[in-house]
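Participant: My questions all concern the structure below.
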Amino acid sequence: MIKYRLIVQKIWFAVFKAAAWMNGLALAVIVYFILTRGWRAISWEFLSQAPRDSMTAGGILPCIVGTIALCLMTIFVALPIGVASAIYLNEYAVQGKLVRIIRLGINNLAGVPSIVFGLFGLAFFCIVLKMGVSIASGGLTLGIMTLPVIIGASEEALKSVPDTYREASLAMGATKWQTIRKVVLPVAFPGIITGSILGISRAAGETAPIMYTGAVFFTPDLPTSILDEVMALPYHIYVLATAGTQIEATRHLQYGTALVLIVLVFGMNLGAILLRSKLRRKLRI
């Protein structure tokens, strides 16, 4: 019987290991494919100038700035609301039917196609609130789309904090809010920030939500306020690949832009990993 269990265990370990290797291999193939076709487009001109000549020459500076602006707006909207919601659900709410319904709604919201969020943002932020196509509309739309990921990651991080930490703080006379603010949140923060950055990194590569709310086909000007329209890397890739006047002539620019987007997202994820490691060393967890 023991031998049979060991055999089953080895089989499942082999399956899990093969799945991990397949994921890693797929990622390596994608990165290699884009890198080999896009590195020739990378230059100082490509990174520091606006597109010109029907976007067959020049660079992608407005796209980079626009993508960063949308990500910052997304963080500003989604992070405080998501973390506050997770704190309420995990620390304050009475666990019952209502909370289960709320969590079910959050999980369902995470499965809604991104284009639906784009249409909602167009109808509500752009038309009803009259923000138009702007950083504010795009950031708010991406923020709503990212909320389920941030709430879920923050809740899991809060749940990972041992109850003994809370009990010790309360036993010393601290209030519930003092316990959350000074004990629970510092311990859970590495997990919260990692999950949040992962969610926002996903939002940085979305095309459907911003093509209705925040991004435009072409503008050489850099934004000066959150009510300005911008270019964005994912939408620029879509335009070059499907709606450009000379699609084949801009093929290297398409891959170059995709490479810059990957590097930008990788940088955000790497920053989250380094910050998490630093915080864990500081807290010794």
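Every chain in the structure tokens takes a letter, A first, then B, and so on in the order presented; its residues are numbered from 1, and the ligands are numbered from 1 following the presented order.
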Ile144 of chain A: which residues within 12 Å, counting only C-alpha atoms, same-chain residues fewer than 4 positions away excluded, as a VMD selection string?

Facilitator: chain A and resid 73 to 82 106 109 to 110 112 114 116 to 118 120 to 121 125 137 to 140 148 to 151 199 to 200 203 209

Participant: Report as a PyMOL selection string: the residues of segment 106-283 of chain A with a DSSP assignment of helix (DSSP H, G or I), based on the backbone of this structure.

Facilitator: chain A and resi 106-110+114-128+135-159+163-171+176-204+208-213+233-243+251-283

Participant: At what distance in Å, to one decimal, does atom CA of Ile197 of chain A lie from atom CA of Val239 of chain A?

Facilitator: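 So the answer is 26.6 Å.
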
Participant: Hey, what's within 9 Å of segment 91-103 of chain A if we count only C-alpha atoms and toss same-chain stuff fewer than 5 positions away? As a CSV table (one decimal) with N, CA, C and O atoms, in the first residue's frame, please?

Facilitator:
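Written file, result_32.csv:
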```csv
chain,number,residue,atom,x,y,z
A,86,ALA,N,-10.8,44.8,0.9
A,86,ALA,CA,-10.3,43.5,1.5
A,86,ALA,C,-10.3,43.6,3.0
A,86,ALA,O,-10.6,42.6,3.7
A,108,ASN,N,-17.1,36.8,-9.9
A,108,ASN,CA,-17.8,36.9,-11.2
A,108,ASN,C,-17.3,38.1,-12.0
A,108,ASN,O,-17.1,38.1,-13.2
A,152,GLY,N,-8.9,40.2,-4.1
A,152,GLY,CA,-8.6,38.8,-3.9
A,152,GLY,C,-7.2,38.6,-3.3
A,152,GLY,O,-7.0,37.9,-2.3
A,158,LEU,N,-4.1,39.1,3.9
A,158,LEU,CA,-4.6,39.4,5.3
A,158,LEU,C,-4.9,38.1,6.0
A,158,LEU,O,-4.7,38.0,7.2
A,176,LYS,N,-9.1,47.8,17.6
A,176,LYS,CA,-9.1,47.0,16.4
A,176,LYS,C,-8.4,47.7,15.2
A,176,LYS,O,-7.7,47.0,14.5
A,180,ILE,N,-5.1,46.6,13.2
A,180,ILE,CA,-5.0,46.4,11.7
A,180,ILE,C,-3.9,47.2,11.1
A,180,ILE,O,-3.1,46.8,10.3
```

Participant: Using only C-alpha atoms, can you tell me which of A:Leu6, A:Ile127, A:Leu122, A:Ile34 comes closest to Ile262 of chain A?

Facilitator: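 The answer is A:Ile34, which sits nearest to Ile262 of chain A.
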
Participant: Name all residues at most 12 Å from Ile60 of chain A (count only C-alpha atoms; drop same-chain ones fewer than 3 positions away) and give them as a VMD selection string.

Facilitator: chain A and resid 41 to 52 55 to 57 63 to 67 218 to 222 230 to 237 240 253 to 254 256 to 261

Participant: Could you tell me which of A:Ser201, A:Thr224, A:Gln9, A:Thr164 comes closest to Pro62 of chain A if we count only C-alpha atoms?

Facilitator: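 Comparing A:Ser201, A:Thr224, A:Gln9, A:Thr164 against Pro62 of chain A, the winner is A:Thr224.
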
Participant: With only C-alpha atoms as the atoms that count, which of A:Val15, A:Ala215, A:Leu61, A:Ile68 lies nearest to Tyr238 of chain A?

Facilitator: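 Of A:Val15, A:Ala215, A:Leu61, A:Ile68, the one nearest Tyr238 of chain A, counting only C-alpha atoms, is A:Ala215.
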
Participant: Out of A:Ile115, A:Ala19, A:Gln246, A:Tyr255, which residue has the shortest atom-to-atom distance to Arg40 of chain A when counting only C-alpha atoms?

Facilitator: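 Closest residue, counting only C-alpha atoms: A:Tyr255.
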
Participant: When DSSP is applied to the backbone of this structure, which of segment 51-179 of chain A are assigned strand (DSSP E)? Write them out as an MDAnalysis selection string.

Facilitator: chainID A and resid 51:52 57:58

Participant: Residues of the last selection are to be written out with C-alpha atoms, as a tab-separated table (two decimals), in the first residue's frame.

Facilitator:
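Output file again-v3.tsv follows:
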```
chain	number	residue	atom	x	y	z
A	51	PRO	CA	5.55	58.51	-34.65
A	52	ARG	CA	5.65	60.24	-38.05
A	57	ALA	CA	8.93	56.09	-38.89
A	58	GLY	CA	9.79	57.90	-35.69
```
